[in-house]
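Shown here: work_24.pdb, PDB, C-alpha atoms.
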ATOM      1  CA  MET A  19       0.000   0.000   0.000
ATOM      2  CA  SER A  20       1.269   3.479  -0.888
ATOM      3  CA  LYS A  21       0.005   6.960  -0.150
ATOM      4  CA  CYS A  22      -1.259   9.355  -2.792
ATOM      5  CA  GLU A  23       1.007  12.414  -2.929
ATOM      6  CA  GLU A  24      -1.959  14.574  -3.828
ATOM      7  CA  CYS A  25      -4.648  13.584  -1.322
ATOM      8  CA  ASP A  26      -2.923  11.113   1.019
ATOM      9  CA  ALA A  27      -5.411   8.321   0.199
ATOM     10  CA  ASP A  28      -4.228   4.728   0.185
ATOM     11  CA  ILE A  29      -3.297   3.364  -3.230
ATOM     12  CA  SER A  30      -3.032  -0.401  -3.462
ATOM     13  CA  ILE A  31      -0.444  -1.758  -5.870
ATOM     14  CA  PRO A  32      -1.447  -5.009  -7.602
ATOM     15  CA  SER A  33       0.678  -8.042  -6.779
ATOM     16  CA  ASP A  34       1.519  -8.506 -10.475
ATOM     17  CA  ALA A  35       2.462  -4.838 -10.966
ATOM     18  CA  LEU A  36       5.357  -3.988 -13.245
ATOM     19  CA  GLU A  37       7.737  -1.063 -13.286
ATOM     20  CA  GLY A  38       6.349   1.630 -15.559
ATOM     21  CA  GLU A  39       2.728   0.678 -14.929
ATOM     22  CA  ILE A  40       0.278   3.489 -14.258
ATOM     23  CA  VAL A  41      -1.856   3.383 -11.108
ATOM     24  CA  THR A  42      -4.626   5.806 -10.291
ATOM     25  CA  CYS A  43      -5.653   7.121  -6.902
ATOM     26  CA  PRO A  44      -9.170   5.817  -6.175
ATOM     27  CA  GLU A  45     -10.097   9.037  -4.366
ATOM     28  CA  CYS A  46      -8.663  11.989  -6.308
ATOM     29  CA  GLY A  47      -7.936  10.313  -9.653
ATOM     30  CA  ALA A  48      -4.274  11.388  -9.814
ATOM     31  CA  SER A  49      -2.141   9.038 -11.910
ATOM     32  CA  PHE A  50       1.239   7.728 -10.852
ATOM     33  CA  GLU A  51       3.884   5.653 -12.579
ATOM     34  CA  LEU A  52       5.424   2.783 -10.625
ATOM     35  CA  ALA A  53       9.161   3.175 -10.233
ATOM     36  CA  LYS A  54      11.480   0.707  -8.559
ATOM     37  CA  GLY A  55      12.279   1.796  -5.018
ATOM     38  CA  SER A  56      14.461   0.384  -2.288
ATOM     39  CA  ASP A  57      11.487  -1.487  -0.874
ATOM     40  CA  GLY A  58       9.079  -2.373  -3.686
ATOM     41  CA  PHE A  59       7.662   0.417  -5.817
ATOM     42  CA  ASP A  60       7.722   4.175  -5.425
ATOM     43  CA  LEU A  61       5.068   6.369  -6.966
ATOM     44  CA  LYS A  62       6.096   9.171  -9.283
ATOM     45  CA  PRO A  63       3.647  11.531 -11.010
ATOM     46  CA  ALA A  64       2.722  10.053 -14.377
ATOM     47  CA  GLN A  65       3.126  12.000 -17.612
ATOM     48  CA  THR A  66      -0.234  13.182 -18.805
ATOM     49  CA  VAL A  67      -1.133  11.950 -22.267
ATOM     50  CA  GLY A  68       1.591  13.178 -24.611
ATOM     51  CA  GLU A  69       0.819  15.065 -27.785
ATOM     52  CA  ASP A  70       2.265  12.227 -29.831
ATOM     53  CA  TRP A  71       0.717   9.331 -27.897
ATOM     54  CA  GLY A  72      -1.396   6.849 -29.756
ATOM     55  CA  GLN A  73      -1.421   3.557 -31.564
TER      56      GLN A  73
ATOM     57  CA  MET B  25      19.960 -16.460 -21.113
ATOM     58  CA  ASN B  26      19.230 -14.457 -24.254
ATOM     59  CA  PRO B  27      15.661 -13.278 -24.672
ATOM     60  CA  ASP B  28      13.461 -14.774 -27.368
ATOM     61  CA  VAL B  29      11.367 -11.651 -27.527
ATOM     62  CA  THR B  30      11.829  -8.115 -26.226
ATOM     63  CA  ILE B  31       8.812  -5.959 -25.473
ATOM     64  CA  LEU B  32       9.877  -2.346 -25.935
ATOM     65  CA  TYR B  33       7.478  -0.063 -24.103
ATOM     66  CA  ASP B  34       7.240   3.347 -22.526
ATOM     67  CA  THR B  35       4.002   2.847 -20.604
ATOM     68  CA  ILE B  36       2.730  -0.445 -19.249
ATOM     69  CA  ARG B  37      -0.861  -0.942 -20.319
ATOM     70  CA  TRP B  38      -3.029  -4.042 -20.295
ATOM     71  CA  GLU B  39      -1.581  -4.977 -23.691
ATOM     72  CA  GLU B  40       2.032  -5.065 -22.518
ATOM     73  CA  LYS B  41       1.207  -6.983 -19.327
ATOM     74  CA  SER B  42      -0.766  -9.523 -21.302
ATOM     75  CA  LEU B  43       2.193 -10.136 -23.618
ATOM     76  CA  LEU B  44       4.400 -10.816 -20.607
ATOM     77  CA  GLU B  45       1.789 -13.162 -19.108
ATOM     78  CA  ALA B  46       1.380 -15.010 -22.405
ATOM     79  CA  GLY B  47       5.142 -15.434 -22.604
ATOM     80  CA  LYS B  48       5.250 -16.958 -19.129
ATOM     81  CA  LYS B  49       2.475 -19.409 -20.015
ATOM     82  CA  LYS B  50       4.218 -20.446 -23.218
ATOM     83  CA  ASP B  51       7.675 -20.616 -21.633
ATOM     84  CA  ILE B  52       8.976 -17.900 -23.939
ATOM     85  CA  ASN B  53      11.838 -15.848 -22.531
ATOM     86  CA  ILE B  54      10.520 -12.274 -22.574
ATOM     87  CA  GLN B  55      12.643  -9.225 -21.870
ATOM     88  CA  MET B  56      10.781  -6.038 -20.928
ATOM     89  CA  ILE B  57      12.628  -2.813 -21.783
ATOM     90  CA  ASP B  58      11.407   0.626 -20.823
ATOM     91  CA  CYS B  59      12.368   2.772 -23.801
ATOM     92  CA  LYS B  60      12.592   5.838 -21.544
ATOM     93  CA  LYS B  61      15.633   4.242 -19.916
ATOM     94  CA  LEU B  62      17.249   3.094 -23.144
ATOM     95  CA  ALA B  63      20.422   4.597 -24.612
ATOM     96  CA  LEU B  64      21.642   2.927 -27.793
ATOM     97  CA  ASP B  65      25.224   3.317 -28.996
ATOM     98  CA  LEU B  66      24.598   3.526 -32.714
ATOM     99  CA  GLU B  67      28.192   2.571 -33.512
ATOM    100  CA  LYS B  68      28.203  -0.692 -31.592
ATOM    101  CA  LYS B  69      26.650  -4.109 -32.054
ATOM    102  CA  PRO B  70      23.649  -4.117 -29.743
ATOM    103  CA  GLU B  71      22.920  -6.443 -26.871
ATOM    104  CA  GLU B  72      20.757  -9.474 -27.429
ATOM    105  CA  TYR B  73      17.122  -8.615 -28.002
ATOM    106  CA  GLY B  74      15.649 -11.549 -29.907
ATOM    107  CA  VAL B  75      12.688 -10.181 -31.846
ATOM    108  CA  VAL B  76      11.540  -6.795 -30.608
ATOM    109  CA  ILE B  77       7.820  -6.149 -30.383
ATOM    110  CA  GLN B  78       7.545  -2.374 -30.536
ATOM    111  CA  ARG B  79       4.907  -1.132 -28.072
ATOM    112  CA  CYS B  80       5.916   2.471 -27.356
ATOM    113  CA  VAL B  81       2.866   4.684 -27.108
ATOM    114  CA  SER B  82       4.852   7.807 -27.999
ATOM    115  CA  TYR B  83       4.940   8.079 -31.791
ATOM    116  CA  TYR B  84       8.360   9.750 -31.938
ATOM    117  CA  ARG B  85       9.926   7.398 -29.400
ATOM    118  CA  ASN B  86       8.415   4.461 -31.253
ATOM    119  CA  LEU B  87       9.686   5.578 -34.656
ATOM    120  CA  HIS B  88      13.186   6.530 -33.586
ATOM    121  CA  SER B  89      13.836   3.490 -31.399
ATOM    122  CA  THR B  90      12.682   1.280 -34.273
ATOM    123  CA  ALA B  91      14.994   3.109 -36.681
ATOM    124  CA  ALA B  92      17.950   2.669 -34.342
ATOM    125  CA  LEU B  93      17.359  -1.000 -33.533
ATOM    126  CA  GLU B  94      16.516  -1.982 -37.083
ATOM    127  CA  GLY B  95      19.600  -0.138 -38.324
ATOM    128  CA  LEU B  96      21.689  -2.123 -35.848
ATOM    129  CA  GLY B  97      20.334  -5.357 -37.318
ATOM    130  CA  VAL B  98      17.586  -6.165 -34.815
ATOM    131  CA  LYS B  99      14.273  -7.507 -36.111
ATOM    132  CA  VAL B 100      11.515  -5.153 -34.969
ATOM    133  CA  ILE B 101       7.761  -5.705 -35.310
ATOM    134  CA  ASN B 102       6.581  -3.563 -36.956
ATOM    135  CA  CYS B 103       9.458  -2.401 -39.124
ATOM    136  CA  LEU B 104      10.511   1.217 -39.599
ATOM    137  CA  ASN B 105       8.681   1.547 -42.921
ATOM    138  CA  THR B 106       5.427   0.522 -41.254
ATOM    139  CA  GLY B 107       5.976   3.092 -38.523
ATOM    140  CA  VAL B 108       6.559   5.796 -41.121
ATOM    141  CA  PHE B 109       3.760   4.784 -43.492
ATOM    142  CA  ALA B 110       1.040   3.826 -41.001
ATOM    143  CA  GLY B 111       1.948   6.707 -38.702
ATOM    144  CA  ASN B 112       0.877   9.234 -41.309
ATOM    145  CA  LYS B 113      -2.649   9.321 -42.711
ATOM    146  CA  LEU B 114      -1.592  10.899 -45.996
ATOM    147  CA  PHE B 115       1.192   8.354 -46.579
ATOM    148  CA  THR B 116      -1.235   5.541 -45.726
ATOM    149  CA  HIS B 117      -3.882   6.973 -48.041
ATOM    150  CA  MET B 118      -1.524   7.059 -51.023
ATOM    151  CA  LEU B 119      -0.356   3.484 -50.399
ATOM    152  CA  LEU B 120      -3.915   2.198 -49.980
ATOM    153  CA  LYS B 121      -4.784   3.765 -53.336
ATOM    154  CA  LYS B 122      -1.684   2.227 -54.920
ATOM    155  CA  PHE B 123      -2.609  -1.211 -53.581
ATOM    156  CA  LYS B 124      -6.235  -0.735 -54.727
ATOM    157  CA  VAL B 125      -7.700  -0.792 -51.228
ATOM    158  CA  PRO B 126     -10.951   1.230 -51.060
ATOM    159  CA  THR B 127     -10.438   4.248 -48.806
ATOM    160  CA  PRO B 128     -12.329   7.514 -48.252
ATOM    161  CA  ASP B 129     -11.583  10.280 -50.766
ATOM    162  CA  ALA B 130      -9.216  12.906 -49.435
ATOM    163  CA  THR B 131      -7.555  16.194 -50.346
ATOM    164  CA  VAL B 132      -4.414  17.729 -48.924
ATOM    165  CA  ALA B 133      -3.950  21.496 -48.810
ATOM    166  CA  PHE B 134      -0.826  23.310 -47.724
ATOM    167  CA  SER B 135      -2.232  26.588 -46.464
ATOM    168  CA  LYS B 136      -5.406  27.950 -44.911
ATOM    169  CA  ASP B 137      -6.435  29.680 -48.143
ATOM    170  CA  ALA B 138      -5.832  26.584 -50.259
ATOM    171  CA  ALA B 139      -7.817  24.441 -47.795
ATOM    172  CA  LEU B 140     -10.758  26.861 -47.750
ATOM    173  CA  GLN B 141     -10.717  27.078 -51.542
ATOM    174  CA  ALA B 142     -10.772  23.267 -51.836
ATOM    175  CA  LEU B 143     -13.662  23.069 -49.367
ATOM    176  CA  GLU B 144     -15.592  25.730 -51.268
ATOM    177  CA  THR B 145     -15.138  23.772 -54.494
ATOM    178  CA  GLN B 146     -15.870  20.307 -53.072
ATOM    179  CA  GLY B 147     -18.516  21.233 -50.513
ATOM    180  CA  TYR B 148     -19.227  20.369 -46.889
ATOM    181  CA  PRO B 149     -19.185  18.428 -44.626
ATOM    182  CA  LYS B 150     -15.577  17.246 -44.548
ATOM    183  CA  VAL B 151     -13.401  15.809 -41.816
ATOM    184  CA  ILE B 152     -10.079  17.485 -41.074
ATOM    185  CA  LYS B 153      -7.397  15.240 -39.598
ATOM    186  CA  PRO B 154      -3.821  15.796 -38.551
ATOM    187  CA  THR B 155      -1.672  13.597 -40.807
ATOM    188  CA  VAL B 156       0.116  12.389 -37.660
ATOM    189  CA  GLY B 157      -1.985  11.711 -34.583
ATOM    190  CA  SER B 158      -4.117   9.178 -32.826
ATOM    191  CA  TRP B 159      -7.063   8.500 -30.534
ATOM    192  CA  GLY B 160      -9.201  10.999 -32.452
ATOM    193  CA  ARG B 161      -7.152  13.989 -31.276
ATOM    194  CA  LEU B 162      -7.719  17.188 -33.250
ATOM    195  CA  ILE B 163      -9.995  15.448 -35.727
ATOM    196  CA  SER B 164     -12.885  17.769 -36.488
ATOM    197  CA  LYS B 165     -15.961  17.708 -38.657
ATOM    198  CA  LEU B 166     -16.224  20.805 -40.834
ATOM    199  CA  ASN B 167     -19.925  21.373 -41.393
ATOM    200  CA  ASP B 168     -19.674  24.756 -43.066
ATOM    201  CA  LYS B 169     -17.385  27.624 -43.992
ATOM    202  CA  ASP B 170     -17.599  29.269 -40.555
ATOM    203  CA  ALA B 171     -16.454  26.104 -38.807
ATOM    204  CA  ALA B 172     -13.697  25.549 -41.363
ATOM    205  CA  GLU B 173     -12.323  29.073 -41.042
ATOM    206  CA  GLY B 174     -12.187  28.871 -37.258
ATOM    207  CA  ILE B 175     -10.621  25.428 -37.035
ATOM    208  CA  ILE B 176      -8.106  25.908 -39.833
ATOM    209  CA  GLU B 177      -7.086  29.324 -38.517
ATOM    210  CA  SER B 178      -6.373  27.840 -35.087
ATOM    211  CA  ARG B 179      -4.095  25.285 -36.750
ATOM    212  CA  GLU B 180      -2.094  28.029 -38.419
ATOM    213  CA  ASN B 181      -0.649  28.755 -34.962
ATOM    214  CA  MET B 182       0.296  25.179 -34.157
ATOM    215  CA  TYR B 183       3.345  23.058 -34.909
ATOM    216  CA  PRO B 184       3.900  22.918 -38.718
ATOM    217  CA  ILE B 185       2.592  19.353 -39.106
ATOM    218  CA  TYR B 186      -0.873  20.726 -38.245
ATOM    219  CA  GLN B 187      -0.620  23.161 -41.144
ATOM    220  CA  VAL B 188      -0.751  20.277 -43.602
ATOM    221  CA  HIS B 189      -4.537  20.200 -43.928
ATOM    222  CA  TYR B 190      -5.744  16.665 -44.640
ATOM    223  CA  LEU B 191      -9.414  16.818 -45.607
ATOM    224  CA  GLU B 192     -11.341  13.561 -45.813
ATOM    225  CA  GLU B 193     -14.852  12.915 -47.091
ATOM    226  CA  PHE B 194     -17.413  12.485 -44.317
ATOM    227  CA  VAL B 195     -18.450   8.871 -44.853
ATOM    228  CA  LYS B 196     -22.133   8.132 -44.363
ATOM    229  CA  ARG B 197     -22.288   4.857 -42.463
ATOM    230  CA  PRO B 198     -23.904   3.055 -39.529
ATOM    231  CA  PRO B 199     -22.912   4.530 -36.119
ATOM    232  CA  ARG B 200     -19.886   2.279 -35.834
ATOM    233  CA  ASP B 201     -16.620   1.308 -37.466
ATOM    234  CA  ILE B 202     -14.569  -1.879 -37.432
ATOM    235  CA  ARG B 203     -11.167  -2.607 -35.919
ATOM    236  CA  ALA B 204      -9.589  -5.761 -37.338
ATOM    237  CA  ILE B 205      -6.458  -7.106 -35.670
ATOM    238  CA  MET B 206      -4.079  -8.633 -38.214
ATOM    239  CA  VAL B 207      -1.344 -11.027 -37.151
ATOM    240  CA  GLY B 208       0.476 -11.850 -40.354
ATOM    241  CA  ASP B 209      -1.968 -12.598 -43.153
ATOM    242  CA  LYS B 210      -4.917 -13.327 -40.905
ATOM    243  CA  ILE B 211      -7.530 -11.296 -39.078
ATOM    244  CA  VAL B 212      -7.342 -12.954 -35.667
ATOM    245  CA  ALA B 213     -10.307 -10.977 -34.317
ATOM    246  CA  ALA B 214     -12.409  -7.971 -35.199
ATOM    247  CA  ILE B 215     -14.739  -5.680 -33.280
ATOM    248  CA  TYR B 216     -17.349  -3.087 -34.055
ATOM    249  CA  ARG B 217     -16.634   0.171 -32.263
ATOM    250  CA  ILE B 218     -20.045   1.634 -31.643
ATOM    251  CA  SER B 219     -20.663   5.229 -30.653
ATOM    252  CA  LYS B 220     -23.404   7.827 -30.767
ATOM    253  CA  HIS B 221     -20.673  10.333 -31.586
ATOM    254  CA  TRP B 222     -19.381  10.315 -35.173
ATOM    255  CA  LYS B 223     -15.923   9.563 -33.771
ATOM    256  CA  THR B 224     -15.916   5.920 -32.696
ATOM    257  CA  ASN B 225     -12.496   5.706 -30.993
ATOM    258  CA  MET B 226     -12.471   3.516 -27.892
ATOM    259  CA  ALA B 227     -10.358   6.235 -26.265
ATOM    260  CA  LEU B 228     -13.363   8.543 -26.661
ATOM    261  CA  GLY B 229     -15.889   6.144 -25.173
ATOM    262  CA  GLY B 230     -16.801   3.860 -28.088
ATOM    263  CA  VAL B 231     -18.298   0.479 -27.103
ATOM    264  CA  ALA B 232     -16.914  -2.793 -28.472
ATOM    265  CA  GLU B 233     -18.891  -5.730 -29.861
ATOM    266  CA  PRO B 234     -17.619  -8.760 -31.782
ATOM    267  CA  CYS B 235     -17.608  -8.416 -35.566
ATOM    268  CA  GLU B 236     -17.818 -11.418 -37.856
ATOM    269  CA  VAL B 237     -14.888 -11.561 -40.249
ATOM    270  CA  THR B 238     -15.861 -11.901 -43.894
ATOM    271  CA  GLN B 239     -13.643 -13.022 -46.743
ATOM    272  CA  GLU B 240     -13.972  -9.585 -48.348
ATOM    273  CA  MET B 241     -12.863  -7.922 -45.133
ATOM    274  CA  GLU B 242      -9.878 -10.225 -44.701
ATOM    275  CA  GLU B 243      -8.688  -9.791 -48.292
ATOM    276  CA  MET B 244      -8.956  -6.025 -47.931
ATOM    277  CA  CYS B 245      -7.076  -6.041 -44.622
ATOM    278  CA  ILE B 246      -4.267  -8.211 -46.004
ATOM    279  CA  LYS B 247      -3.789  -5.713 -48.829
ATOM    280  CA  ALA B 248      -3.876  -2.803 -46.368
ATOM    281  CA  LYS B 249      -1.321  -4.485 -44.102
ATOM    282  CA  ASN B 250       0.953  -5.228 -47.047
ATOM    283  CA  ALA B 251       0.577  -1.668 -48.332
ATOM    284  CA  VAL B 252       2.280  -0.365 -45.179
ATOM    285  CA  GLN B 253       4.634  -3.388 -44.957
ATOM    286  CA  GLY B 254       3.194  -4.389 -41.594
ATOM    287  CA  ASP B 255       3.364  -7.623 -39.614
ATOM    288  CA  ILE B 256       0.963  -7.006 -36.724
ATOM    289  CA  VAL B 257      -1.433  -4.120 -37.278
ATOM    290  CA  GLY B 258      -4.931  -2.921 -36.477
ATOM    291  CA  VAL B 259      -6.905  -2.051 -39.587
ATOM    292  CA  ASP B 260      -9.826   0.370 -39.209
ATOM    293  CA  LEU B 261     -12.706   0.083 -41.657
ATOM    294  CA  MET B 262     -16.007   1.850 -42.201
ATOM    295  CA  GLU B 263     -19.133   0.502 -43.868
ATOM    296  CA  SER B 264     -19.830   3.281 -46.336
ATOM    297  CA  ASP B 265     -23.444   3.543 -47.531
ATOM    298  CA  GLU B 266     -22.120   4.308 -51.016
ATOM    299  CA  LYS B 267     -18.884   2.336 -51.371
ATOM    300  CA  GLY B 268     -19.205  -0.613 -48.997
ATOM    301  CA  LEU B 269     -16.157  -1.385 -46.858
ATOM    302  CA  VAL B 270     -13.426   1.249 -46.880
ATOM    303  CA  VAL B 271     -10.168   1.267 -44.920
ATOM    304  CA  HIS B 272      -9.470   4.586 -43.249
ATOM    305  CA  GLU B 273      -6.503   3.790 -41.047
ATOM    306  CA  VAL B 274      -3.830   1.208 -40.297
ATOM    307  CA  ASN B 275      -2.467   1.227 -36.739
ATOM    308  CA  ASN B 276       1.199   0.423 -36.263
ATOM    309  CA  THR B 277       1.074  -0.277 -32.511
ATOM    310  CA  THR B 278      -2.478  -1.454 -32.239
ATOM    311  CA  GLU B 279      -4.339  -1.681 -28.952
ATOM    312  CA  TYR B 280      -6.324  -4.905 -28.493
ATOM    313  CA  LYS B 281      -7.598  -4.990 -24.915
ATOM    314  CA  ASN B 282     -11.250  -4.595 -25.891
ATOM    315  CA  THR B 283     -10.902  -6.997 -28.816
ATOM    316  CA  VAL B 284      -9.570  -9.719 -26.508
ATOM    317  CA  ARG B 285     -12.315  -8.953 -23.982
ATOM    318  CA  VAL B 286     -15.264  -9.241 -26.362
ATOM    319  CA  CYS B 287     -13.914 -11.800 -28.863
ATOM    320  CA  GLU B 288     -12.152 -14.033 -26.312
ATOM    321  CA  VAL B 289      -9.213 -14.568 -28.661
ATOM    322  CA  ASP B 290      -5.760 -14.845 -27.108
ATOM    323  CA  ILE B 291      -4.171 -12.150 -29.274
ATOM    324  CA  PRO B 292      -1.013 -11.763 -27.121
ATOM    325  CA  SER B 293      -0.160 -15.469 -27.569
ATOM    326  CA  LEU B 294      -0.774 -15.241 -31.306
ATOM    327  CA  MET B 295       1.509 -12.206 -31.497
ATOM    328  CA  LEU B 296       4.316 -14.023 -29.686
ATOM    329  CA  GLU B 297       3.927 -17.156 -31.816
ATOM    330  CA  TYR B 298       4.098 -15.007 -34.941
ATOM    331  CA  ALA B 299       7.171 -13.131 -33.690
ATOM    332  CA  LEU B 300       9.031 -16.368 -33.000
ATOM    333  CA  LYS B 301       7.991 -17.835 -36.347
ATOM    334  CA  ILE B 302       9.304 -14.952 -38.429
ATOM    335  CA  GLU B 303      12.577 -14.847 -36.508
ATOM    336  CA  LYS B 304      13.414 -18.344 -37.756
TER     337      LYS B 304
END

structure tokens encoding of this file:
Amino acid sequence: MSKCEECDADISIPSDALEGEIVTCPECGASFELAKGSDGFDLKPAQTVGEDWGQ
Amino acid sequence: MNPDVTILYDTIRWEEKSLLEAGKKKDINIQMIDCKKLALDLEKKPEEYGVVIQRCVSYYRNLHSTAALEGLGVKVINCLNTGVFAGNKLFTHMLLKKFKVPTPDATVAFSKDAALQALETQGYPKVIKPTVGSWGRLISKLNDKDAAEGIIESRENMYPIYQVHYLEEFVKRPPRDIRAIMVGDKIVAAIYRISKHWKTNMALGGVAEPCEVTQEMEEMCIKAKNAVQGDIVGVDLMESDEKGLVVHEVNNTTEYKNTVRVCEVDIPSLMLEYALKIEK
């Protein structure tokens, strides 16, 4: 479990999470990218959709 | 142990996770590489990658990492030419015409005045699309001269790519389009993308339902895939009231989450099997 930097709500990280995955705060909707930390994953603010993102 | 397949990504979505899961189930050695952390020495033989499945969501990152890896001798799916051709609606349009794939009529104009003149001559409505872009961004329906003047003028102040005015016919059709996922020369699954809005992109709230694949559709999609030299692509089609099926886009790094969900086809496994097959 991690804390949302924006609203301090609990954010649960799935057991099969991967580095680079985006998680969203269930309370305020802020998005975070999972980054490898010393003890599991750290949350860093995710890039909003880039101008050149797509498929 | 050298990887069989490398998934090159910049954001982990359902699609990338499902490829990793499929690899585990099939005992395929998958290497996940975050492109944002990648630095490639272009003068040196690269590390082992196996076949690279290109999954970067950023168009420029996708194109340039493919160019670098392919130039260094690594097999990348899709290849650089596909990234260039499918990544640009005008380039795709010209290739679809060359390969005799039905596609909506289009005009390109290189200034505001030329675009407005073409619209005046051809009539409204028309759809204006950035030649490079995705998820329906900055695609607008031009219903009349007032709308056209406002929208085109706003583009005159954007990055130069938005000043190439690609004007497409507004295709009369049912309130849906089709996304067909091609793995090699086969449509492995297809969905209708249904929306009350004239834009049917899933990213904009379109709803997916399974679509039966017809022989006509598959033959058309094979030609469209070959036109852009693709291996694994998503072909978008519309059912024009006047022309029947028309291809309006080929997606180089296709999303398939909703297709897997509604069609229950294991697309990630099929992608990996295909990647390993063409490596040999």

Quiz item: Got a sec: who's within 10 Å of Gly38 in chain A, counting only C-alpha atoms, leaving out chain neighbours fewer than 6 positions off, as a VMD selection string?
Solution: (chain A and resid 50 to 54 59 61 to 62 64) or (chain B and resid 33 to 37 57 to 58 60)

Quiz prompt | chain A residues near chain B (10 Å cut-off, all atoms listed in the file) as a count of residues only | solution = 18

Quiz item: Mind pulling up the distance from CA of Leu104 in chain B to CA of Leu87 in chain B?
Solution: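 For CA of Leu87 in chain B relative to CA of Leu104 in chain B, the distance reads 6.6 Å.
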
Quiz item: So, counting all atoms listed in the file, which residue among B:Ile202, B:Leu43, B:Ala214, B:Ile185 is closest to Lys153 in chain B?
Solution: B:Ile185

Quiz item: Once the PyMOL selection byres ((chain B and resi 271) around 9) has been applied to the shown file, what residues remain in the selection, as number ranges by chain?
Solution: B: 120, 125-128, 244-245, 248, 259-262, 269-270, 272-274

For C-alpha atoms, I'd like the residues from the last selection saved as a PDB file, keeping the file's coordinate frame.
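Saved result, selection.pdb, follows:
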ATOM      1  CA  LEU B 120      -3.915   2.198 -49.980  1.00  0.00           C
ATOM      2  CA  VAL B 125      -7.700  -0.792 -51.228  1.00  0.00           C
ATOM      3  CA  PRO B 126     -10.951   1.230 -51.060  1.00  0.00           C
ATOM      4  CA  THR B 127     -10.438   4.248 -48.806  1.00  0.00           C
ATOM      5  CA  PRO B 128     -12.329   7.514 -48.252  1.00  0.00           C
ATOM      6  CA  MET B 244      -8.956  -6.025 -47.931  1.00  0.00           C
ATOM      7  CA  CYS B 245      -7.076  -6.041 -44.622  1.00  0.00           C
ATOM      8  CA  ALA B 248      -3.876  -2.803 -46.368  1.00  0.00           C
ATOM      9  CA  VAL B 259      -6.905  -2.051 -39.587  1.00  0.00           C
ATOM     10  CA  ASP B 260      -9.826   0.370 -39.209  1.00  0.00           C
ATOM     11  CA  LEU B 261     -12.706   0.083 -41.657  1.00  0.00           C
ATOM     12  CA  MET B 262     -16.007   1.850 -42.201  1.00  0.00           C
ATOM     13  CA  LEU B 269     -16.157  -1.385 -46.858  1.00  0.00           C
ATOM     14  CA  VAL B 270     -13.426   1.249 -46.880  1.00  0.00           C
ATOM     15  CA  HIS B 272      -9.470   4.586 -43.249  1.00  0.00           C
ATOM     16  CA  GLU B 273      -6.503   3.790 -41.047  1.00  0.00           C
ATOM     17  CA  VAL B 274      -3.830   1.208 -40.297  1.00  0.00           C
TER      18      VAL B 274
END

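Taking CA of Ala142 in chain B and CA of Ile175 in chain B as endpoints, the distance between them is 15.0 Å.
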
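Across the model, the gap from CA of Glu263 in chain B to CA of Val195 in chain B is 8.5 Å.
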
Practice problem: Determine the residue set returned by the PyMOL selection byres ((chain A and resi 47) around 12) for the present structure, and present it as number ranges by chain. | Solution: A: 22-29, 40-46, 48-50, 63-64

Exercise. Any chance you could resolve the PyMOL selection byres ((chain B and resi 225) around 10) against this file and give the residues as an MDAnalysis selection string?
Key: chainID B and resid 158:161 200:201 203 217:219 221:224 226:232

Quiz prompt | Nearby residues (only C-alpha atoms) at most 6 Å from Thr106 in chain B, same-chain spacing under 3 positions excluded, as a PyMOL selection string | solution = chain B and resi 103+109-110+252-254

Padding 5 Å on every side, please: axis-aligned box over the listed atoms of range 40-47 of chain A, centre and edge lengths to one decimal in Å, as AutoDock Vina command-line options.
--center_x -4.9 --center_y 7.7 --center_z -9.3 --size_x 20.4 --size_y 18.6 --size_z 19.9

Practice problem: Could you give me, as a ChimeraX atom specification, the residues that have an atom at most 10 Å away from the point (3.1, -12.6, -30.8) in the coordinates of the file, using all atoms listed in the file? | Solution: /B:29,43,46-47,75,77,101,207-208,256,290-301

Exercise. Find, counting all atoms listed in the file, the residue in B:Glu242, B:Asp129, B:Asp65, B:Glu94 that gets nearest to Ala204 in chain B.
Key: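 When distances to Ala204 in chain B are compared using all atoms listed in the file, the smallest one comes from B:Glu242.
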
Quiz item: When distances are computed from only C-alpha atoms, which of B:Phe115, B:Asn167, B:Ser135, B:Pro234 shows the smallest separation from Asn181 in chain B?
Solution: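 Smallest distance to Asn181 in chain B is found for B:Ser135.
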
Is it possible to add N, CA and C atoms to range 51-57 of chain A and hand it back as a PDB file, in the frame of the given file?
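Output (rebuild_10.pdb):
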ATOM      1  N   GLU A  51       3.148   6.729 -11.926  1.00  0.00           N
ATOM      2  CA  GLU A  51       3.884   5.653 -12.579  1.00  0.00           C
ATOM      3  C   GLU A  51       4.672   4.907 -11.511  1.00  0.00           C
ATOM      4  N   LEU A  52       4.668   3.584 -11.595  1.00  0.00           N
ATOM      5  CA  LEU A  52       5.424   2.783 -10.625  1.00  0.00           C
ATOM      6  C   LEU A  52       6.900   2.794 -10.995  1.00  0.00           C
ATOM      7  N   ALA A  53       7.715   3.168 -10.030  1.00  0.00           N
ATOM      8  CA  ALA A  53       9.161   3.175 -10.233  1.00  0.00           C
ATOM      9  C   ALA A  53       9.787   2.300  -9.158  1.00  0.00           C
ATOM     10  N   LYS A  54      10.848   1.596  -9.529  1.00  0.00           N
ATOM     11  CA  LYS A  54      11.480   0.707  -8.559  1.00  0.00           C
ATOM     12  C   LYS A  54      12.053   1.517  -7.403  1.00  0.00           C
ATOM     13  N   GLY A  55      11.733   1.127  -6.188  1.00  0.00           N
ATOM     14  CA  GLY A  55      12.279   1.796  -5.018  1.00  0.00           C
ATOM     15  C   GLY A  55      13.109   0.807  -4.212  1.00  0.00           C
ATOM     16  N   SER A  56      13.622   1.265  -3.104  1.00  0.00           N
ATOM     17  CA  SER A  56      14.461   0.384  -2.288  1.00  0.00           C
ATOM     18  C   SER A  56      13.626  -0.750  -1.704  1.00  0.00           C
ATOM     19  N   ASP A  57      12.345  -0.459  -1.472  1.00  0.00           N
ATOM     20  CA  ASP A  57      11.487  -1.487  -0.874  1.00  0.00           C
ATOM     21  C   ASP A  57      10.194  -1.573  -1.697  1.00  0.00           C
TER      22      ASP A  57
END
